[in-house]
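Okay, work.cif is below, mmCIF, C-alpha atoms and all ligand atoms:
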data_start
loop_
_atom_site.label_atom_id
_atom_site.label_comp_id
_atom_site.auth_asym_id
_atom_site.auth_seq_id
_atom_site.Cartn_x
_atom_site.Cartn_y
_atom_site.Cartn_z
CA MET A 1 209.00 111.41 152.53
CA THR A 2 208.25 113.25 149.32
CA SER A 3 211.30 114.80 147.79
CA ARG A 4 211.30 118.35 146.51
CA ASN A 5 211.82 116.91 143.00
CA ASP A 6 208.56 114.95 143.40
CA SER A 7 206.60 117.97 144.56
CA LEU A 8 208.05 120.19 141.82
CA PHE A 9 207.18 117.59 139.20
CA ALA A 10 203.60 117.34 140.48
CA ARG A 11 203.33 121.13 140.42
CA ALA A 12 204.94 121.47 136.97
CA GLN A 13 202.40 119.10 135.43
CA ILE A 14 199.56 121.43 136.32
CA SER A 15 200.85 124.38 134.28
CA THR A 16 202.99 122.66 131.62
CA PRO A 17 202.17 119.63 129.44
CA GLY A 18 203.97 116.68 131.00
CA GLY A 19 205.70 119.06 133.40
CA VAL A 20 208.61 119.81 131.05
CA ASN A 21 209.53 122.14 128.22
CA SER A 22 211.20 119.46 126.09
CA PRO A 23 209.87 115.88 126.14
CA VAL A 24 212.90 113.73 126.93
CA ARG A 25 213.43 115.62 130.21
CA ALA A 26 210.27 114.00 131.59
CA PHE A 27 211.90 110.58 132.22
CA ARG A 28 209.00 108.93 130.34
CA SER A 29 211.33 106.38 128.80
CA VAL A 30 213.18 105.43 131.99
CA GLY A 31 210.37 106.06 134.49
CA GLY A 32 210.63 107.87 137.80
CA THR A 33 210.81 111.52 138.75
CA PRO A 34 212.87 113.97 136.72
CA ARG A 35 215.43 115.92 138.69
CA PHE A 36 214.83 119.67 138.88
CA ILE A 37 218.21 121.33 138.62
CA THR A 38 219.12 124.29 140.78
CA ARG A 39 222.75 124.95 139.83
CA ALA A 40 225.71 123.54 137.98
CA GLU A 41 229.47 123.86 138.11
CA GLY A 42 232.19 122.08 136.12
CA PRO A 43 231.17 118.42 135.60
CA TYR A 44 228.41 118.52 138.23
CA PHE A 45 224.89 119.73 138.78
CA TRP A 46 222.66 119.74 141.84
CA ASP A 47 218.96 118.95 142.08
CA ALA A 48 216.18 120.47 144.14
CA ASP A 49 217.02 118.12 147.04
CA ASP A 50 220.58 119.43 146.89
CA ARG A 51 221.93 116.11 145.65
CA ARG A 52 225.01 116.38 143.44
CA TYR A 53 225.31 114.45 140.17
CA ILE A 54 228.13 113.92 137.72
CA ASP A 55 226.48 115.26 134.58
CA TYR A 56 226.85 113.37 131.28
CA ILE A 57 224.34 115.32 129.25
CA GLY A 58 225.93 118.77 129.54
CA SER A 59 222.69 120.46 128.44
CA TRP A 60 222.59 117.88 125.59
CA GLY A 61 225.92 119.02 124.23
CA PRO A 62 226.60 122.73 124.77
CA ALA A 63 228.46 122.46 128.10
CA ILE A 64 231.70 121.24 126.51
CA VAL A 65 233.97 123.41 128.69
CA GLY A 66 232.03 122.41 131.82
CA HIS A 67 229.21 124.24 133.52
CA ALA A 68 229.54 127.87 134.58
CA HIS A 69 233.07 128.26 133.23
CA PRO A 70 234.39 131.54 134.70
CA ALA A 71 235.45 132.93 131.29
CA VAL A 72 232.04 132.24 129.76
CA ILE A 73 230.17 133.67 132.74
CA LYS A 74 232.32 136.81 132.66
CA ALA A 75 231.74 137.29 128.92
CA VAL A 76 227.99 136.92 129.43
CA GLN A 77 227.93 139.32 132.38
CA ASP A 78 229.95 141.92 130.47
CA ALA A 79 227.70 141.63 127.41
CA ALA A 80 224.52 141.75 129.49
CA ALA A 81 225.69 144.94 131.20
CA ARG A 82 225.92 146.58 127.77
CA GLY A 83 222.30 145.70 126.89
CA LEU A 84 220.39 142.50 126.19
CA SER A 85 219.22 142.85 122.60
CA PHE A 86 219.28 145.56 119.97
CA GLY A 87 217.59 144.28 116.80
CA ALA A 88 220.44 145.92 114.90
CA PRO A 89 223.80 144.44 113.89
CA THR A 90 226.84 144.25 116.18
CA GLU A 91 230.56 143.73 115.62
CA ALA A 92 230.44 140.61 117.81
CA GLU A 93 228.24 138.91 115.21
CA ILE A 94 230.86 139.56 112.53
CA GLU A 95 233.54 138.10 114.79
CA MET A 96 231.44 135.00 115.43
CA ALA A 97 230.72 134.51 111.71
CA GLU A 98 234.42 134.96 110.89
CA GLU A 99 235.38 132.45 113.57
CA ILE A 100 232.95 129.82 112.29
CA CYS A 101 234.12 130.32 108.68
CA ARG A 102 237.74 130.00 109.80
CA LEU A 103 237.16 126.82 111.82
CA LEU A 104 234.98 125.13 109.17
CA PRO A 105 236.52 125.74 105.73
CA SER A 106 233.35 124.46 103.98
CA VAL A 107 231.49 127.42 105.45
CA GLU A 108 232.12 130.52 103.32
CA GLN A 109 229.18 132.43 104.75
CA VAL A 110 227.01 131.79 107.77
CA ARG A 111 223.82 133.08 109.29
CA LEU A 112 223.18 132.99 113.03
CA VAL A 113 219.82 131.87 114.41
CA SER A 114 218.58 130.80 117.85
CA SER A 115 217.96 127.02 117.75
CA GLY A 116 219.08 123.95 115.88
CA THR A 117 215.51 123.45 114.72
CA GLU A 118 215.47 126.88 113.14
CA ALA A 119 218.87 126.36 111.54
CA ALA A 120 217.93 122.99 109.98
CA MET A 121 214.56 124.28 108.82
CA SER A 122 216.20 127.31 107.19
CA ALA A 123 218.93 125.23 105.53
CA LEU A 124 216.22 123.05 104.03
CA ARG A 125 214.30 126.05 102.71
CA LEU A 126 217.51 127.45 101.25
CA ALA A 127 218.30 124.15 99.51
CA ARG A 128 214.79 124.00 98.08
CA GLY A 129 214.84 127.66 97.04
CA ALA A 130 218.25 127.39 95.41
CA THR A 131 217.52 124.18 93.48
CA GLY A 132 213.83 124.78 92.75
CA ARG A 133 213.17 121.19 93.84
CA ASP A 134 210.85 119.95 96.62
CA LYS A 135 212.00 116.49 97.64
CA ILE A 136 214.45 115.94 100.45
CA ILE A 137 216.22 112.87 101.81
CA LYS A 138 216.75 112.18 105.49
CA PHE A 139 217.71 109.01 107.32
CA GLU A 140 215.75 106.99 109.82
CA GLY A 141 216.91 107.69 113.36
CA CYS A 142 218.48 111.06 112.57
CA TYR A 143 216.88 114.06 114.27
CA HIS A 144 217.13 117.54 112.85
CA GLY A 145 214.75 119.46 115.09
CA HIS A 146 211.00 119.61 114.82
CA ALA A 147 210.28 121.40 111.53
CA ASP A 148 207.39 119.71 109.68
CA SER A 149 209.41 118.30 106.77
CA LEU A 150 211.89 116.77 109.17
CA LEU A 151 209.47 115.13 111.59
CA VAL A 152 209.10 112.14 109.40
CA LYS A 153 210.16 109.02 111.24
CA ALA A 154 212.49 111.24 113.22
CA GLY A 155 214.53 110.01 116.17
CA SER A 156 215.24 111.38 119.64
CA GLY A 157 212.17 111.82 121.85
CA LEU A 158 209.96 110.35 119.19
CA LEU A 159 211.94 107.14 119.03
CA THR A 160 211.74 106.92 122.75
CA PHE A 161 207.98 107.12 122.59
CA GLY A 162 207.93 104.58 119.77
CA ASN A 163 206.00 107.04 117.64
CA PRO A 164 207.36 107.23 114.11
CA THR A 165 205.80 110.53 113.06
CA SER A 166 204.23 113.48 114.84
CA ALA A 167 200.55 114.34 114.71
CA GLY A 168 200.00 117.71 113.09
CA VAL A 169 202.39 117.18 110.18
CA PRO A 170 200.30 117.21 106.97
CA GLU A 171 200.72 114.23 104.67
CA ASP A 172 201.33 116.77 101.94
CA PHE A 173 204.53 117.90 103.66
CA ALA A 174 205.70 114.45 104.67
CA LYS A 175 205.31 113.10 101.15
CA HIS A 176 208.26 115.23 100.01
CA THR A 177 210.55 113.66 102.61
CA LEU A 178 212.18 110.38 101.67
CA VAL A 179 213.40 108.48 104.71
CA LEU A 180 216.26 106.12 103.91
CA ASP A 181 218.43 103.74 105.93
CA TYR A 182 221.47 105.20 107.67
CA ASN A 183 224.73 103.56 106.56
CA ASN A 184 223.18 102.01 103.45
CA PRO A 185 225.09 103.40 100.42
CA GLN A 186 223.48 101.00 97.94
CA GLN A 187 220.02 102.29 98.75
CA LEU A 188 221.25 105.85 98.13
CA GLU A 189 222.61 104.79 94.72
CA ASP A 190 219.25 103.23 93.83
CA VAL A 191 217.19 106.25 94.90
CA PHE A 192 219.46 108.75 93.12
CA GLN A 193 219.33 106.68 89.95
CA LYS A 194 215.53 106.79 90.05
CA MET A 195 214.91 110.39 91.12
CA GLY A 196 218.21 112.25 91.56
CA SER A 197 217.01 115.20 89.50
CA GLU A 198 213.97 115.76 91.78
CA ILE A 199 215.90 115.95 95.04
CA ALA A 200 216.75 119.33 96.60
CA CYS A 201 218.97 118.08 99.42
CA VAL A 202 220.18 115.27 101.58
CA ILE A 203 220.38 116.08 105.29
CA VAL A 204 222.40 113.82 107.55
CA GLU A 205 223.99 113.68 110.99
CA PRO A 206 227.49 112.53 109.97
CA VAL A 207 227.96 111.21 113.48
CA ALA A 208 224.42 110.42 114.55
CA GLY A 209 223.63 111.15 118.18
CA ASN A 210 219.86 110.98 118.28
CA MET A 211 219.47 107.21 118.08
CA ASN A 212 222.22 106.73 120.64
CA LEU A 213 225.69 107.22 119.12
CA LEU A 214 226.05 105.85 115.60
CA PRO A 215 228.90 107.16 113.42
CA ALA A 216 228.40 107.03 109.66
CA THR A 217 230.72 104.78 107.69
CA ALA A 218 233.15 106.62 105.41
CA GLU A 219 231.69 104.74 102.43
CA PHE A 220 228.18 105.98 103.24
CA LEU A 221 229.22 109.64 103.40
CA GLU A 222 231.55 109.40 100.39
CA THR A 223 228.78 107.86 98.29
CA MET A 224 226.43 110.61 99.43
CA ARG A 225 228.92 113.34 98.50
CA ARG A 226 229.57 111.83 95.04
CA LEU A 227 225.85 111.37 94.24
CA CYS A 228 224.91 114.86 95.43
CA THR A 229 227.61 116.41 93.24
CA GLN A 230 226.56 114.32 90.21
CA HIS A 231 222.87 115.22 90.56
CA GLY A 232 223.11 118.85 91.69
CA VAL A 233 221.72 118.00 95.11
CA VAL A 234 222.68 120.10 98.15
CA LEU A 235 224.46 118.03 100.80
CA ILE A 236 223.63 119.28 104.30
CA PHE A 237 225.62 118.05 107.27
CA ASP A 238 223.65 118.56 110.46
CA GLU A 239 226.45 119.13 112.94
CA VAL A 240 224.27 120.65 115.64
CA MET A 241 225.41 117.86 117.95
CA CYS A 242 228.71 116.64 116.51
CA GLY A 243 230.05 120.04 115.39
CA PHE A 244 232.84 121.22 117.73
CA ARG A 245 232.09 118.07 119.73
CA VAL A 246 233.83 115.24 117.87
CA ALA A 247 236.70 117.49 116.70
CA LEU A 248 237.46 121.20 116.33
CA GLY A 249 236.62 120.97 112.62
CA GLY A 250 233.49 118.89 113.25
CA ALA A 251 232.67 115.52 111.72
CA GLN A 252 233.47 116.95 108.27
CA SER A 253 237.11 117.25 109.30
CA LEU A 254 237.20 113.67 110.63
CA TYR A 255 235.83 112.23 107.39
CA GLY A 256 237.50 114.74 105.05
CA ILE A 257 234.20 115.48 103.33
CA THR A 258 233.03 118.95 102.29
CA PRO A 259 229.28 119.46 102.63
CA ASP A 260 227.51 122.24 100.73
CA LEU A 261 225.75 123.47 103.86
CA THR A 262 226.37 122.84 107.54
CA VAL A 263 223.89 123.23 110.39
CA LEU A 264 225.33 124.13 113.79
CA GLY A 265 224.02 124.65 117.32
CA LYS A 266 224.72 123.56 120.90
CA VAL A 267 228.49 124.18 121.44
CA ILE A 268 228.49 127.40 119.38
CA GLY A 269 226.10 128.94 121.91
CA GLY A 270 228.02 127.71 124.96
CA GLY A 271 224.70 127.19 126.77
CA LEU A 272 222.78 130.18 125.40
CA PRO A 273 220.57 130.11 122.29
CA VAL A 274 222.87 130.37 119.28
CA ALA A 275 222.65 128.13 116.23
CA ALA A 276 223.72 128.71 112.65
CA PHE A 277 223.62 127.47 109.10
CA GLY A 278 226.22 128.21 106.52
CA GLY A 279 228.18 126.93 103.56
CA ARG A 280 228.87 127.74 99.94
CA ALA A 281 228.58 131.48 99.27
CA ASP A 282 226.76 130.88 95.97
CA LEU A 283 224.02 129.09 97.94
CA MET A 284 223.94 131.54 100.84
CA LYS A 285 223.41 134.48 98.48
CA HIS A 286 219.88 133.16 97.86
CA LEU A 287 218.95 134.30 101.39
CA ALA A 288 217.08 137.54 102.08
CA PRO A 289 218.01 140.41 101.91
CA LEU A 290 220.09 139.38 98.85
CA GLY A 291 217.90 136.63 97.46
CA SER A 292 214.39 135.28 97.48
CA VAL A 293 214.63 132.71 100.30
CA TYR A 294 213.18 134.35 103.41
CA GLN A 295 214.57 133.83 106.89
CA ALA A 296 214.76 136.19 109.87
CA GLY A 297 214.83 136.37 113.68
CA THR A 298 214.20 138.98 116.38
CA LEU A 299 216.89 137.47 118.62
CA SER A 300 219.22 136.16 115.88
CA GLY A 301 222.81 136.98 116.81
CA ASN A 302 221.70 138.13 120.26
CA PRO A 303 224.67 139.90 121.90
CA VAL A 304 224.57 138.00 125.20
CA ALA A 305 224.21 134.63 123.49
CA VAL A 306 226.97 135.45 121.02
CA ALA A 307 229.26 136.41 123.93
CA ALA A 308 228.71 132.97 125.51
CA GLY A 309 229.32 131.29 122.14
CA MET A 310 232.46 133.24 121.28
CA SER A 311 234.07 132.66 124.65
CA THR A 312 233.32 128.94 124.33
CA LEU A 313 234.77 128.83 120.80
CA LYS A 314 237.96 130.43 122.18
CA LEU A 315 238.28 127.93 125.02
CA ILE A 316 237.94 124.89 122.75
CA GLN A 317 240.87 126.14 120.66
CA GLU A 318 243.31 125.90 123.54
CA PRO A 319 246.14 123.49 122.68
CA GLY A 320 245.32 119.85 123.46
CA PHE A 321 241.64 120.52 124.17
CA TYR A 322 240.25 117.80 121.88
CA GLU A 323 243.07 115.36 122.56
CA SER A 324 242.25 115.54 126.24
CA LEU A 325 238.45 115.46 125.75
CA THR A 326 238.78 112.42 123.47
CA ALA A 327 241.13 110.65 125.89
CA GLN A 328 238.80 111.20 128.86
CA THR A 329 235.79 109.98 126.89
CA ARG A 330 237.72 106.89 125.79
CA LYS A 331 238.73 106.24 129.39
CA LEU A 332 235.08 106.38 130.36
CA VAL A 333 233.80 103.97 127.69
CA GLN A 334 236.72 101.57 128.15
CA GLY A 335 236.19 101.55 131.92
CA LEU A 336 232.44 100.97 131.53
CA SER A 337 233.04 98.11 129.07
CA ASP A 338 235.54 96.50 131.45
CA ALA A 339 233.18 96.86 134.40
CA ALA A 340 230.33 95.24 132.46
CA LYS A 341 232.57 92.41 131.35
CA ASP A 342 233.68 91.73 134.92
CA ALA A 343 230.02 91.53 135.96
CA GLY A 344 229.14 89.26 133.01
CA ILE A 345 226.75 91.80 131.46
CA SER A 346 226.20 91.97 127.71
CA PHE A 347 227.21 95.57 127.07
CA CYS A 348 229.46 97.68 124.89
CA ALA A 349 230.27 101.35 124.44
CA ASN A 350 231.67 103.64 121.78
CA ALA A 351 233.03 107.19 121.61
CA VAL A 352 233.84 109.83 119.01
CA GLY A 353 235.63 112.85 120.46
CA GLY A 354 233.62 114.02 123.46
CA MET A 355 230.48 112.07 122.56
CA PHE A 356 229.70 108.52 123.67
CA GLY A 357 227.12 105.74 123.31
CA LEU A 358 226.19 102.91 125.68
CA TYR A 359 224.64 99.76 124.22
CA PHE A 360 223.16 96.80 126.04
CA ALA A 361 224.08 94.49 123.16
CA GLU A 362 226.80 92.00 122.21
CA LYS A 363 228.39 94.29 119.66
CA ILE A 364 228.33 97.98 118.76
CA PRO A 365 225.29 98.58 116.54
CA ALA A 366 226.06 99.69 112.96
CA THR A 367 222.51 100.34 111.75
CA TYR A 368 219.28 101.79 113.06
CA GLY A 369 217.79 98.27 113.19
CA GLU A 370 220.65 96.95 115.31
CA MET A 371 220.34 99.98 117.54
CA MET A 372 216.65 99.35 118.15
CA ALA A 373 217.47 95.77 119.14
CA CYS A 374 219.49 96.95 122.18
CA ASP A 375 218.02 95.95 125.53
CA LYS A 376 216.10 99.03 126.62
CA ASN A 377 214.94 97.53 129.92
CA ARG A 378 218.49 96.80 130.97
CA PHE A 379 219.45 100.35 130.11
CA ASN A 380 216.62 101.68 132.26
CA GLU A 381 217.77 99.59 135.24
CA PHE A 382 221.33 100.77 134.71
CA PHE A 383 220.22 104.39 134.36
CA HIS A 384 218.44 104.32 137.71
CA ALA A 385 221.25 102.51 139.50
CA MET A 386 223.66 105.17 138.22
CA LEU A 387 221.29 108.00 139.15
CA ASP A 388 220.97 106.61 142.67
CA ALA A 389 224.76 106.58 142.82
CA GLY A 390 224.96 110.24 141.73
CA VAL A 391 225.66 109.88 138.00
CA TYR A 392 223.23 111.53 135.58
CA LEU A 393 223.13 109.83 132.18
CA ALA A 394 220.76 110.76 129.36
CA PRO A 395 217.32 109.49 130.46
CA SER A 396 216.79 107.32 127.39
CA ALA A 397 218.45 104.30 125.80
CA PHE A 398 218.47 106.15 122.47
CA GLU A 399 220.46 109.25 123.33
CA ALA A 400 224.19 109.89 123.18
CA GLY A 401 226.19 111.08 126.18
CA PHE A 402 228.55 114.04 126.50
CA VAL A 403 231.80 114.55 128.38
CA SER A 404 233.17 118.00 129.22
CA ALA A 405 236.70 119.27 129.69
CA GLN A 406 236.01 119.26 133.44
CA HIS A 407 235.49 115.49 133.58
CA ASP A 408 238.96 114.78 134.96
CA ASP A 409 240.35 111.45 136.15
CA THR A 410 238.74 111.78 139.58
CA VAL A 411 235.31 112.30 138.00
CA ILE A 412 235.75 109.44 135.54
CA GLU A 413 236.93 107.11 138.34
CA ALA A 414 233.94 108.07 140.51
CA THR A 415 231.69 107.25 137.54
CA LEU A 416 233.34 103.88 137.01
CA SER A 417 233.06 103.05 140.67
CA ALA A 418 229.31 103.77 140.49
CA ALA A 419 229.10 101.67 137.32
CA ARG A 420 230.77 98.67 138.94
CA GLY A 421 228.03 98.73 141.58
CA ALA A 422 225.30 99.22 138.97
CA PHE A 423 226.48 96.36 136.75
CA ALA A 424 226.84 94.08 139.79
CA ALA A 425 223.24 94.86 140.75
CA LEU A 426 222.12 94.10 137.20
CA ALA A 427 223.88 90.73 137.29
CA HIS A 428 221.69 89.54 140.18
N1 LIG B 1 219.91 118.66 114.85
C1 LIG B 1 220.51 117.80 115.69
C2 LIG B 1 221.53 116.84 115.14
C3 LIG B 1 220.21 117.81 117.05
O1 LIG B 1 220.81 116.94 117.86
C4 LIG B 1 219.25 118.73 117.53
C5 LIG B 1 218.86 118.79 119.01
N2 LIG B 1 219.17 117.75 119.79
C6 LIG B 1 218.64 119.60 116.62
C7 LIG B 1 219.01 119.55 115.30
C8 LIG B 1 217.63 120.60 117.08
O2 LIG B 1 218.23 121.58 117.83
P1 LIG B 1 217.39 122.45 118.90
O3 LIG B 1 216.98 121.52 119.99
O4 LIG B 1 218.35 123.51 119.33
O5 LIG B 1 216.22 123.01 118.16
#
Could you express the structure from this file as structure tokens?
Amino acid sequence: MTSRNDSLFARAQISTPGGVNSPVRAFRSVGGTPRFITRAEGPYFWDADDRRYIDYIGSWGPAIVGHAHPAVIKAVQDAAARGLSFGAPTEAEIEMAEEICRLLPSVEQVRLVSSGTEAAMSALRLARGATGRDKIIKFEGCYHGHADSLLVKAGSGLLTFGNPTSAGVPEDFAKHTLVLDYNNPQQLEDVFQKMGSEIACVIVEPVAGNMNLLPATAEFLETMRRLCTQHGVVLIFDEVMCGFRVALGGAQSLYGITPDLTVLGKVIGGGLPVAAFGGRADLMKHLAPLGSVYQAGTLSGNPVAVAAGMSTLKLIQEPGFYESLTAQTRKLVQGLSDAAKDAGISFCANAVGGMFGLYFAEKIPATYGEMMACDKNRFNEFFHAMLDAGVYLAPSAFEAGFVSAQHDDTVIEATLSAARGAFAALAH
């Protein structure tokens, strides 16, 4: 019998390339039919065949308070009733900017946009405009959205497809992007010594989540901060994924490092399109209408999206929120590691705050190279065994996973029970 997911996927492929609006959703890496989601609540979502799954992608990060949280839904409904978009400023945008500046002390001023891609692209333009330099540094395996300059050996969907760069990015753009090794401070020293004065910015995911989960070492980020200060280079932390996910103050609070600019997204929109970039006021003043770096958006600071974001930012500030999120995520990765060990499977797992990584490897990878050496086929088998058992993991061996505040002990235990079965099946 054909499932409704199968028939929807067949239909979707007629009108949309690959049947999806963002590549990794297509299950190309893991094979099989993507699930078409009809509704979500708390830690669960349901597919077109009305099967329920425990959801560990949470819309790839935003759903940190769980799906369809009543307070967020109410805020959105109230805002929508007052009008969907004005193209003129609102007080809610001021409140959101003030909240972000208060929660991230490195951010003195912030501008709201609608996607992480837009935010990273704009931060890059600002860094180039403010320094008058063209070259940028990024790291292999980090993903910062799909702006041309940043699609140079980028991670995420591209890694999954084993395609190091995208077609359609002119060589002339890519040649300004230096791609270095993540967690390699010596290489940074060497490159800065050679060309520090030509570099506009370094952009980095301080806790990388687009090549599976790979936290930076403190030494790597400290070296980066010191070199950027010495050479007048703008340090950009891309916290689209890890911001408000690994801690209330983002990865910058965990490492105690102050970036010059920060890129945000996902959690700050609570499931609607809000992203942002912000940082030192002396840099931000280069933006139009004050300065000569242009950036704009019809739906920037959209009132409905801002309402979802603000209500989410309030919920994550409730006492104990991150302690509990971190503890539940740890319980999950510890339980998975134990289950794999019992089944004799070579597997490990790691977590930072509410973000986790699963690795079919002997030890937790510390570099991009080690990450790529993980057993992708084993992951794919595990993914499908879990999916069959009602647990929805990211459909790729190179993506991080996300836990929400609604993943309570019952949900974690149900996940571990499914995992014990999946690992046992893998062992045969
Ligand atoms: N930066 C990082 C670190 C991301 O994880 C992502 C999206 N996964 C982006 C930027 C791009 O954000 P968006 O998909 O909203 O354009």
Compile a residue-level contact table for chain A against ligand LIG 1 (chain B) at a cut-off of 7 Å, reporting for every qualifying residue the shortest atom pair and its distance in Å to one decimal, with only C-alpha atoms and all ligand atoms counted, rows ordered by chain and ascending number, as JSON lines.
{"residue": "A:Trp60", "atom": "CA", "partner": "B:LIG1", "partner_atom": "N2", "distance": 6.7}
{"residue": "A:Ser115", "atom": "CA", "partner": "B:LIG1", "partner_atom": "O4", "distance": 3.9}
{"residue": "A:Gly116", "atom": "CA", "partner": "B:LIG1", "partner_atom": "O2", "distance": 3.2}
{"residue": "A:Thr117", "atom": "CA", "partner": "B:LIG1", "partner_atom": "O5", "distance": 3.5}
{"residue": "A:Glu118", "atom": "CA", "partner": "B:LIG1", "partner_atom": "O5", "distance": 6.4}
{"residue": "A:Ala120", "atom": "CA", "partner": "B:LIG1", "partner_atom": "C7", "distance": 6.4}
{"residue": "A:Tyr143", "atom": "CA", "partner": "B:LIG1", "partner_atom": "C1", "distance": 5.4}
{"residue": "A:His144", "atom": "CA", "partner": "B:LIG1", "partner_atom": "N1", "distance": 3.6}
{"residue": "A:Gly145", "atom": "CA", "partner": "B:LIG1", "partner_atom": "C8", "distance": 3.7}
{"residue": "A:Glu205", "atom": "CA", "partner": "B:LIG1", "partner_atom": "C2", "distance": 5.8}
{"residue": "A:Gly209", "atom": "CA", "partner": "B:LIG1", "partner_atom": "O1", "distance": 6.4}
{"residue": "A:Asn210", "atom": "CA", "partner": "B:LIG1", "partner_atom": "O1", "distance": 6.0}
{"residue": "A:Asp238", "atom": "CA", "partner": "B:LIG1", "partner_atom": "C2", "distance": 5.4}
{"residue": "A:Glu239", "atom": "CA", "partner": "B:LIG1", "partner_atom": "C2", "distance": 5.9}
{"residue": "A:Val240", "atom": "CA", "partner": "B:LIG1", "partner_atom": "C1", "distance": 4.7}
{"residue": "A:Met241", "atom": "CA", "partner": "B:LIG1", "partner_atom": "O1", "distance": 4.7}
{"residue": "A:Gly265", "atom": "CA", "partner": "B:LIG1", "partner_atom": "O4", "distance": 6.1}
{"residue": "A:Lys266", "atom": "CA", "partner": "B:LIG1", "partner_atom": "O4", "distance": 6.6}
Show me as a PyMOL selection string the residues that reach within 10 Å of (228.0, 130.4, 137.1), counting all atoms listed in the file and using the file's own coordinates. chain A and resi 39-42+67-74
Looking at A:Asp148, A:Asp282, A:Glu189, A:Glu198, which one is nearest to A:Asp172, with distances taken over all atoms listed in the file?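 Checking each of A:Asp148, A:Asp282, A:Glu189, A:Glu198 against A:Asp172, counting all atoms listed in the file, the winner is A:Asp148.
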Pull the neighbourhood of (232.8, 128.8, 124.6) for me: all residues within 9 Å in file coordinates, counting only C-alpha atoms, as a ChimeraX atom specification. /A:62-65,69,71-72,267-271,307-316
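Distance check against A:Glu140 using only C-alpha atoms: of A:Val179, A:Ala400, A:Ala305, A:Ala361, the minimum falls on A:Val179.
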Hey, what's within 10 Å of A:Gln186 if we count all atoms listed in the file and toss same-chain stuff fewer than 6 positions away? As a PyMOL selection string, please? chain A and resi 192+220+223
Kindly indicate which residue among A:Thr329, A:Tyr322, A:Glu399, A:Leu112 lies nearest to A:Tyr359, using only C-alpha atoms for the distances. A:Glu399
Excluding stretch 15-25 of chain A and its own-chain neighbours fewer than 2 positions away, which residues fall within 7 Å of it when counting all atoms listed in the file? Please give them as a PDB file with C-alpha atoms, keeping the file's coordinate frame.
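Full text of result.pdb as output:
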ATOM      1  CA  PHE A   9     207.180 117.590 139.200  1.00  0.00           C
ATOM      2  CA  ALA A  12     204.940 121.470 136.970  1.00  0.00           C
ATOM      3  CA  GLN A  13     202.400 119.100 135.430  1.00  0.00           C
ATOM      4  CA  PHE A  27     211.900 110.580 132.220  1.00  0.00           C
ATOM      5  CA  PRO A  34     212.870 113.970 136.720  1.00  0.00           C
ATOM      6  CA  GLY A 157     212.170 111.820 121.850  1.00  0.00           C
TER       7      GLY A 157
END
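Counting all atoms listed in the file, the residue from A:Leu104, A:Val234, A:Met211, A:Ala281 that sits nearest to A:Arg125 is A:Val234.
Compared by their closest atoms to A:Gln295, and using all atoms listed in the file, the residues A:Ala276, A:Gly168, A:Ile364, A:Asp55 rank with A:Ala276 nearest.
Closest approach to A:Tyr368 from the set A:Leu261, A:Ala208, A:Ala130, A:Cys242 is made by A:Ala208, with distances taken over all atoms listed in the file.
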One-decimal distance in Å that lies between atom CA of A:Leu416 and atom CA of A:Asp338: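 Atom CA of A:Leu416 lies at a distance of 9.5 Å from atom CA of A:Asp338.
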Do a neighbour search on A:Asn350 at 9 Å with all atoms listed in the file, toss out local chain neighbours closer than 6 positions, and write the hits as a tab-separated table (two decimals) with C-alpha atoms, in the coordinates of the input.
chain	number	residue	atom	x	y	z
A	213	LEU	CA	225.69	107.22	119.12
A	214	LEU	CA	226.05	105.85	115.60
A	330	ARG	CA	237.72	106.89	125.79
A	333	VAL	CA	233.80	103.97	127.69
A	334	GLN	CA	236.72	101.57	128.15
A	356	PHE	CA	229.70	108.52	123.67
A	357	GLY	CA	227.12	105.74	123.31
A	358	LEU	CA	226.19	102.91	125.68
A	359	TYR	CA	224.64	99.76	124.22
A	364	ILE	CA	228.33	97.98	118.76
Skip A:Val233 itself and residues of its chain fewer than 2 positions away, then list as a PyMOL selection string all residues within 6 Å of it, counting all atoms listed in the file. chain A and resi 200-201+228+231
Report, in Å with one decimal, the straight-line distance from atom CA of A:Pro170 to atom CA of A:Leu150.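 One can read the atom CA of A:Pro170 to atom CA of A:Leu150 distance as 11.8 Å.
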To one decimal place, how far is atom CA of A:Val107 from atom CA of A:Leu227 in Å?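 Computed distance, atom CA of A:Val107 to atom CA of A:Leu227, equals 20.4 Å.
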For A:Leu426, list every protein, DNA or RNA residue within 10 Å, evaluated using all atoms listed in the file, and leave out those in the same chain fewer than 6 positions away; present the list as a list in words. Ala340, Ala343, Gly344, Ile345, Arg378, Phe379, Glu381, Phe382, Ala385 and Arg420 of chain A
